[in-house]
$ cat data_32.cif   # mmCIF, C-alpha atoms
data_start
loop_
_atom_site.label_atom_id
_atom_site.label_comp_id
_atom_site.auth_asym_id
_atom_site.auth_seq_id
_atom_site.Cartn_x
_atom_site.Cartn_y
_atom_site.Cartn_z
CA MET A 1 8.81 -0.72 5.85
CA ARG A 2 12.05 1.01 5.21
CA ARG A 3 13.51 2.92 8.14
CA TRP A 4 16.21 5.57 8.37
CA ASP A 5 18.11 6.26 11.58
CA ARG A 6 19.06 9.88 12.24
CA ARG A 7 22.74 9.49 11.38
CA ALA A 8 22.06 7.72 8.08
CA PHE A 9 19.43 10.29 7.14
CA LEU A 10 21.71 13.23 7.82
CA GLN A 11 24.55 11.65 5.88
CA THR A 12 22.27 10.87 2.94
CA SER A 13 20.63 14.30 2.90
CA GLY A 14 23.94 16.11 3.21
CA LEU A 15 25.50 14.18 0.37
CA ALA A 16 22.49 14.73 -1.87
CA LEU A 17 22.47 18.47 -1.25
CA ALA A 18 26.20 18.70 -1.84
CA ALA A 19 25.84 16.86 -5.13
CA THR A 20 23.03 19.12 -6.30
CA ALA A 21 25.06 22.21 -5.49
CA ALA A 22 28.20 20.89 -7.12
CA GLY A 23 26.41 19.49 -10.15
CA ARG A 24 28.04 16.06 -9.99
CA VAL A 25 27.45 12.50 -8.85
CA TRP A 26 27.41 12.27 -5.08
CA ALA A 27 28.82 9.18 -3.44
CA THR A 28 28.87 7.23 -0.23
CA PRO A 29 31.98 7.46 1.97
CA SER A 30 33.39 4.50 -0.01
CA GLU A 31 32.96 6.55 -3.24
CA THR A 32 30.38 4.16 -4.67
CA PRO A 33 27.90 6.18 -6.75
CA ALA A 34 24.60 6.56 -4.96
CA MET A 35 21.28 7.78 -6.19
CA LEU A 36 20.17 11.35 -5.58
CA THR A 37 17.37 11.74 -3.06
CA ARG A 38 14.66 14.25 -2.29
CA ALA A 39 13.12 14.80 1.12
CA ILE A 40 9.45 13.99 1.68
CA PRO A 41 8.27 17.42 2.87
CA ARG A 42 6.09 16.21 5.76
CA THR A 43 8.84 14.20 7.46
CA GLN A 44 12.13 14.97 5.68
CA GLU A 45 12.59 11.25 5.03
CA ALA A 46 14.92 10.81 2.07
CA LEU A 47 13.45 9.16 -1.02
CA PRO A 48 15.49 8.15 -4.09
CA VAL A 49 14.46 10.21 -7.11
CA ILE A 50 13.89 7.21 -9.40
CA GLY A 51 11.25 4.71 -8.37
CA MET A 52 9.36 2.11 -10.37
CA GLY A 53 5.80 1.67 -11.57
CA THR A 54 4.13 -1.71 -12.11
CA TRP A 55 1.30 -0.91 -14.53
CA GLN A 56 1.21 -3.62 -17.23
CA THR A 57 4.77 -4.78 -16.47
CA PHE A 58 3.98 -6.76 -13.28
CA ASP A 59 0.60 -8.01 -14.48
CA VAL A 60 1.69 -11.58 -15.20
CA GLY A 61 0.65 -15.09 -14.22
CA PRO A 62 2.14 -17.42 -11.60
CA GLY A 63 4.56 -19.23 -13.89
CA VAL A 64 8.30 -19.18 -13.21
CA ALA A 65 9.03 -18.12 -16.78
CA GLU A 66 6.69 -15.14 -16.42
CA ARG A 67 7.94 -13.98 -13.04
CA ALA A 68 11.67 -14.67 -13.29
CA PRO A 69 12.42 -11.56 -15.40
CA LEU A 70 10.49 -9.40 -12.92
CA GLU A 71 12.38 -10.90 -10.01
CA GLU A 72 15.59 -9.89 -11.77
CA VAL A 73 14.19 -6.39 -12.34
CA LEU A 74 13.23 -6.01 -8.67
CA ARG A 75 16.63 -7.23 -7.46
CA ALA A 76 18.44 -4.83 -9.80
CA PHE A 77 16.15 -1.96 -8.79
CA ALA A 78 17.01 -2.38 -5.12
CA ALA A 79 20.70 -2.99 -5.79
CA LEU A 80 20.90 0.27 -7.74
CA GLY A 81 19.35 2.28 -4.91
CA GLY A 82 15.65 2.24 -5.74
CA THR A 83 13.03 1.99 -3.02
CA LEU A 84 9.61 3.31 -4.12
CA VAL A 85 7.52 0.77 -6.04
CA ASP A 86 4.02 1.86 -7.02
CA SER A 87 1.06 -0.42 -7.76
CA SER A 88 -2.74 -0.44 -7.77
CA PRO A 89 -5.66 -2.89 -7.62
CA MET A 90 -6.54 -1.76 -11.16
CA TYR A 91 -3.21 -3.14 -12.45
CA GLY A 92 -4.41 -6.73 -12.75
CA GLN A 93 -2.08 -9.14 -10.90
CA SER A 94 0.59 -6.51 -10.20
CA GLU A 95 0.03 -6.20 -6.45
CA GLU A 96 0.09 -9.95 -5.97
CA VAL A 97 3.20 -10.40 -8.12
CA LEU A 98 5.02 -7.53 -6.39
CA GLY A 99 4.16 -8.90 -2.96
CA ALA A 100 5.29 -12.42 -3.81
CA LEU A 101 8.58 -11.27 -5.34
CA ALA A 102 9.31 -8.81 -2.54
CA VAL A 103 9.01 -11.64 -0.01
CA LYS A 104 10.88 -14.18 -2.14
CA THR A 105 13.84 -11.85 -2.65
CA GLY A 106 13.88 -10.66 0.95
CA LEU A 107 13.57 -7.08 -0.28
CA GLN A 108 10.24 -6.20 1.28
CA PRO A 109 11.71 -4.38 4.33
CA LYS A 110 13.89 -2.26 2.03
CA LEU A 111 11.14 -1.16 -0.34
CA PHE A 112 8.89 1.87 -0.04
CA THR A 113 5.65 0.21 -1.13
CA ALA A 114 2.83 2.32 -2.52
CA THR A 115 -0.56 1.28 -3.81
CA LYS A 116 -4.02 2.75 -4.23
CA VAL A 117 -7.70 2.47 -3.39
CA TRP A 118 -9.94 2.62 -6.47
CA THR A 119 -13.59 2.13 -5.63
CA SER A 120 -16.60 3.91 -4.08
CA GLY A 121 -18.01 3.67 -0.57
CA LYS A 122 -16.36 3.25 2.81
CA ALA A 123 -17.04 -0.47 3.18
CA GLU A 124 -15.85 -1.31 -0.32
CA GLY A 125 -12.80 0.90 0.15
CA LEU A 126 -11.88 -0.92 3.36
CA ARG A 127 -12.35 -4.29 1.67
CA GLN A 128 -10.14 -3.29 -1.25
CA MET A 129 -7.39 -1.86 0.95
CA GLU A 130 -7.35 -4.96 3.16
CA ASP A 131 -7.11 -7.04 -0.01
CA SER A 132 -4.14 -4.97 -1.16
CA LEU A 133 -2.37 -5.58 2.15
CA ARG A 134 -2.95 -9.31 1.72
CA LYS A 135 -1.66 -9.33 -1.85
CA LEU A 136 1.37 -7.23 -0.96
CA ARG A 137 2.00 -9.53 2.04
CA THR A 138 2.33 -6.79 4.61
CA GLN A 139 0.44 -5.44 7.59
CA ARG A 140 1.56 -1.87 7.05
CA LEU A 141 2.01 0.19 3.91
CA ASP A 142 4.33 3.09 3.27
CA LEU A 143 1.84 4.92 1.06
CA MET A 144 -1.85 4.44 0.21
CA GLN A 145 -3.27 6.75 -2.45
CA VAL A 146 -6.82 7.49 -3.60
CA HIS A 147 -6.65 6.56 -7.26
CA ASN A 148 -7.96 9.15 -9.74
CA LEU A 149 -9.78 10.94 -6.87
CA VAL A 150 -12.52 8.26 -6.84
CA ASP A 151 -14.64 8.96 -3.72
CA ALA A 152 -11.65 10.83 -2.33
CA ALA A 153 -13.38 12.42 0.69
CA THR A 154 -14.60 9.06 1.97
CA HIS A 155 -11.30 7.24 1.53
CA LEU A 156 -9.18 10.08 2.92
CA ASP A 157 -11.24 9.95 6.11
CA THR A 158 -10.58 6.21 6.35
CA LEU A 159 -6.91 6.64 5.59
CA GLN A 160 -6.49 9.32 8.22
CA ALA A 161 -7.74 6.77 10.75
CA TRP A 162 -5.39 4.15 9.33
CA LYS A 163 -2.50 6.57 9.63
CA GLU A 164 -3.32 7.25 13.27
CA GLN A 165 -3.46 3.49 13.84
CA GLY A 166 -0.09 2.97 12.18
CA ARG A 167 -1.44 0.90 9.30
CA VAL A 168 -0.14 3.34 6.70
CA ARG A 169 2.71 5.82 6.97
CA TYR A 170 1.68 8.28 4.25
CA VAL A 171 -1.56 9.20 2.49
CA GLY A 172 -1.93 10.53 -1.02
CA VAL A 173 -4.10 11.10 -4.09
CA THR A 174 -3.42 10.40 -7.76
CA HIS A 175 -4.47 11.19 -11.28
CA TYR A 176 -2.95 10.50 -14.68
CA THR A 177 -4.65 13.08 -16.91
CA ALA A 178 -4.10 16.81 -17.24
CA SER A 179 -7.85 17.44 -17.41
CA ALA A 180 -8.08 16.57 -13.71
CA HIS A 181 -5.28 18.85 -12.51
CA GLU A 182 -7.60 21.62 -11.32
CA ALA A 183 -9.64 19.16 -9.25
CA VAL A 184 -6.43 17.73 -7.81
CA ALA A 185 -5.16 21.21 -6.93
CA LYS A 186 -8.41 22.05 -5.12
CA LEU A 187 -8.14 18.88 -3.07
CA LEU A 188 -4.51 19.59 -2.15
CA LEU A 189 -5.60 22.97 -0.84
CA SER A 190 -8.42 21.51 1.25
CA ARG A 191 -7.19 18.17 2.61
CA PRO A 192 -4.00 17.23 4.53
CA VAL A 193 -2.33 14.73 2.18
CA ASP A 194 1.35 13.75 2.12
CA PHE A 195 1.73 12.78 -1.55
CA VAL A 196 0.22 13.56 -4.91
CA GLN A 197 0.91 11.43 -7.98
CA ILE A 198 0.33 13.07 -11.37
CA ASN A 199 1.39 12.79 -15.00
CA TYR A 200 4.43 14.88 -15.83
CA SER A 201 6.98 14.66 -18.63
CA VAL A 202 8.57 16.68 -21.41
CA GLY A 203 5.52 15.78 -23.48
CA GLU A 204 2.94 16.48 -20.76
CA ARG A 205 3.85 19.71 -19.00
CA GLU A 206 0.42 20.94 -17.94
CA ALA A 207 1.26 20.35 -14.27
CA GLU A 208 3.71 23.26 -14.48
CA GLN A 209 0.84 25.70 -14.95
CA ARG A 210 -0.38 25.42 -11.35
CA LEU A 211 -0.42 21.97 -9.81
CA LEU A 212 3.29 21.56 -9.12
CA SER A 213 3.51 24.95 -7.42
CA VAL A 214 0.45 24.16 -5.28
CA ALA A 215 2.05 20.90 -4.17
CA ARG A 216 5.31 22.62 -3.34
CA ASP A 217 3.62 25.44 -1.44
CA GLN A 218 1.55 22.95 0.55
CA GLY A 219 4.54 20.79 1.42
CA ILE A 220 3.28 17.76 -0.52
CA ALA A 221 5.60 15.22 -2.14
CA VAL A 222 5.11 14.70 -5.88
CA ILE A 223 5.39 11.36 -7.67
CA ALA A 224 5.60 11.80 -11.44
CA ASN A 225 3.91 9.05 -13.41
CA ARG A 226 4.06 8.72 -17.22
CA PRO A 227 7.59 10.26 -17.32
CA PHE A 228 7.87 9.02 -20.91
CA ALA A 229 4.28 10.04 -21.76
CA GLY A 230 3.20 6.43 -21.84
CA GLY A 231 6.23 5.44 -23.90
CA GLY A 232 5.33 7.79 -26.73
CA LEU A 233 8.34 10.04 -26.18
CA LEU A 234 10.86 7.21 -26.38
CA GLN A 235 9.16 5.79 -29.44
CA ARG A 236 9.36 9.12 -31.21
CA LEU A 237 12.97 9.80 -30.23
CA LYS A 238 14.49 6.37 -30.74
CA ARG A 239 15.87 7.24 -34.17
CA LYS A 240 16.98 10.74 -33.21
CA PRO A 241 20.63 11.08 -32.13
CA LEU A 242 21.21 12.09 -28.55
CA PRO A 243 22.44 15.70 -28.47
CA PRO A 244 26.19 16.00 -27.70
CA TRP A 245 25.52 18.25 -24.72
CA ALA A 246 23.71 15.37 -22.96
CA SER A 247 27.14 14.43 -21.60
CA GLU A 248 27.05 17.66 -19.58
CA LEU A 249 24.29 15.97 -17.60
CA ASP A 250 26.05 12.59 -17.43
CA CYS A 251 23.43 11.11 -19.77
CA ASP A 252 24.05 8.54 -22.47
CA SER A 253 20.43 7.80 -23.45
CA TRP A 254 17.17 9.58 -24.19
CA ALA A 255 15.52 7.80 -21.25
CA GLN A 256 18.02 9.32 -18.84
CA LEU A 257 17.68 12.78 -20.36
CA LEU A 258 13.87 12.67 -20.22
CA LEU A 259 13.88 11.43 -16.64
CA LYS A 260 16.35 14.12 -15.58
CA PHE A 261 13.99 16.74 -17.02
CA VAL A 262 11.26 15.38 -14.71
CA ILE A 263 13.24 14.99 -11.50
CA SER A 264 15.00 18.34 -11.91
CA HIS A 265 11.75 20.21 -11.33
CA PRO A 266 12.01 21.47 -7.73
CA ALA A 267 8.54 20.23 -6.81
CA VAL A 268 9.09 16.65 -7.99
CA THR A 269 10.14 14.10 -5.40
CA CYS A 270 10.30 10.92 -7.47
CA ALA A 271 9.59 9.63 -10.99
CA ILE A 272 8.24 6.10 -11.54
CA PRO A 273 9.02 4.66 -14.98
CA ALA A 274 7.80 1.08 -15.46
CA THR A 275 9.69 -1.71 -17.16
CA SER A 276 9.94 -5.49 -17.28
CA LYS A 277 13.47 -5.52 -18.73
CA VAL A 278 16.64 -5.28 -16.65
CA SER A 279 18.47 -3.41 -19.40
CA HIS A 280 15.80 -0.70 -19.42
CA LEU A 281 15.74 -0.64 -15.61
CA ARG A 282 19.48 -0.05 -15.44
CA ASP A 283 19.19 2.71 -18.02
CA ASN A 284 16.38 4.39 -16.07
CA MET A 285 18.23 4.18 -12.76
CA LYS A 286 21.26 6.02 -14.18
CA ALA A 287 19.04 9.10 -14.40
CA GLY A 288 19.30 9.31 -10.62
CA LEU A 289 23.07 9.79 -10.81
CA GLY A 290 25.17 12.77 -11.80
CA ARG A 291 24.32 16.31 -12.72
CA LEU A 292 20.80 17.66 -13.11
CA PRO A 293 19.77 20.30 -15.64
CA ASP A 294 19.28 23.94 -14.69
CA GLU A 295 16.49 25.95 -16.32
CA LYS A 296 18.53 26.61 -19.44
CA LEU A 297 19.26 22.93 -20.00
CA ARG A 298 15.68 21.97 -19.15
CA ALA A 299 14.57 24.25 -21.97
CA ARG A 300 17.08 22.61 -24.35
CA ILE A 301 15.78 19.14 -23.43
CA ALA A 302 12.22 20.24 -24.08
CA ALA A 303 13.18 21.78 -27.43
CA GLU A 304 15.09 18.66 -28.55
CA ALA A 305 12.22 16.38 -27.57
CA ALA A 306 9.52 18.51 -29.22
#
$ encode --input "data_32.cif" --output "structure tokens"
Amino acid sequence: MRRWDRRAFLQTSGLALAATAAGRVWATPSETPAMLTRAIPRTQEALPVIGMGTWQTFDVGPGVAERAPLEEVLRAFAALGGTLVDSSPMYGQSEEVLGALAVKTGLQPKLFTATKVWTSGKAEGLRQMEDSLRKLRTQRLDLMQVHNLVDAATHLDTLQAWKEQGRVRYVGVTHYTASAHEAVAKLLLSRPVDFVQINYSVGEREAEQRLLSVARDQGIAVIANRPFAGGGLLQRLKRKPLPPWASELDCDSWAQLLLKFVISHPAVTCAIPATSKVSHLRDNMKAGLGRLPDEKLRARIAAEAA
């Protein structure tokens, strides 16, 4: 799993904070643009603000023609500063494809690999998690999450033991619908989890009502899934001109503007758009560079995207 020594962490954190305060792209000492990061509250480990999901996109067969574009996507993701890649056993072949490509490219040690447990019962949960480790070709995961709160109490007990044994570094829970936010909030207030993954975008703002503040108050990192509302936002906006003031946020596409709305919320740690195209990946990753919107500009983004 990815590791940060103290000096590198302090340099990275300091640069990120300076960039946020100054409202500009922060850079490494060599002045190469580097992605903004947020600290994982439990440990203060720095995590790049743009990650990558694998739902549908990595669910492909074993053929070279099917996997070659995804290998290119994974290489570009890492080269542009991405680390967190999220998968699940419910995503078809995605875990297996991600694991194979991470090993083939030599990127596995540099990635922050997250997946989920999505079943009922302790024995079945253990079997599924062991299977995920095998598919992802690792003995230790960065993050294991209870998917959609399915048998959450049982699996969180197992994962606490795994964490103590060093088999997983972080533990979390997920959901992708607003109707479950209250149940998620109650769990965050009652169980010691490190991450919560929920739907959040300009088009799905229900998490702002309570859940994001609960996560922030409890010191829990937030992964935002569906940052484009399942692609619906981009589809609706593709024929609408980008507002001229988008340049104030160093944005030259709707995807970047929508992602910056998500990652600018103070409770959000990372957003995970999914793609199988390098051109889209590069566009998404640019959202992690440059200036972020303040509350006034967040409101303008929301109004333009309405």
$ residues_around --input "data_32.cif" --residues "A:Trp118" --least-positions-apart "5" --cutoff "10 Å" --atoms "all atoms listed in the file" --output "ChimeraX atom specification"
/A:88-90,124-125,128-129,145-152,155
$ resolve_selection --input "data_32.cif" --expression "the PyMOL selection byres ((chain A and resi 256) around 12)" --output "PyMOL selection string"
chain A and resi 50+227-228+234+242+246-247+249-255+257-264+271+273+280-293+301
$ resolve_selection --input "data_32.cif" --expression "the PyMOL selection byres ((chain A and resi 141) around 7)" --output "list in words"
Thr113, Ala114, Gln139, Arg140, Asp142, Leu143, Met144, Arg167, Val168 and Arg169 of chain A
$ residues_near_point --input "data_32.cif" --point "(4.8, 2.0, -4.0)" --cutoff "6 Å" --atoms "only C-alpha atoms" --output "PDB file with C-alpha atoms, keeping the file's coordinate frame"
ATOM      1  CA  LEU A  84       9.610   3.310  -4.120  1.00  0.00           C
ATOM      2  CA  VAL A  85       7.520   0.770  -6.040  1.00  0.00           C
ATOM      3  CA  ASP A  86       4.020   1.860  -7.020  1.00  0.00           C
ATOM      4  CA  SER A  87       1.060  -0.420  -7.760  1.00  0.00           C
ATOM      5  CA  PHE A 112       8.890   1.870  -0.040  1.00  0.00           C
ATOM      6  CA  THR A 113       5.650   0.210  -1.130  1.00  0.00           C
ATOM      7  CA  ALA A 114       2.830   2.320  -2.520  1.00  0.00           C
ATOM      8  CA  THR A 115      -0.560   1.280  -3.810  1.00  0.00           C
TER       9      THR A 115
END
$ closest_residue --input "data_32.cif" --among "A:Gln209, A:Arg300, A:Val171, A:Ala100" --to "A:Pro243" --atoms "all atoms listed in the file"
A:Arg300
$ atom_distance --input "data_32.cif" --atom1 "atom CA of A:Pro109" --atom2 "atom CA of A:Ile272"
19.3 Å
$ atom_distance --input "data_32.cif" --atom1 "atom CA of A:Lys277" --atom2 "atom CA of A:Thr57"
9.0 Å
$ resolve_selection --input "data_32.cif" --expression "the PyMOL selection byres ((chain A and resi 54) around 8)" --output "PyMOL selection string"
chain A and resi 52-53+55-59+85-87+91+94+274-275
$ residues_around --input "data_32.cif" --residues "stretch 62-74 of chain A" --least-positions-apart "2" --cutoff "8 Å" --atoms "only C-alpha atoms" --output "list in words"
Phe58, Val60, Ala76, Phe77, Ala78, Val97, Leu101, Ala102, Thr105, Ser276, Lys277, Val278 and Leu281 of chain A
$ atom_distance --input "data_32.cif" --atom1 "atom CA of A:His181" --atom2 "atom CA of A:Glu95"
26.3 Å
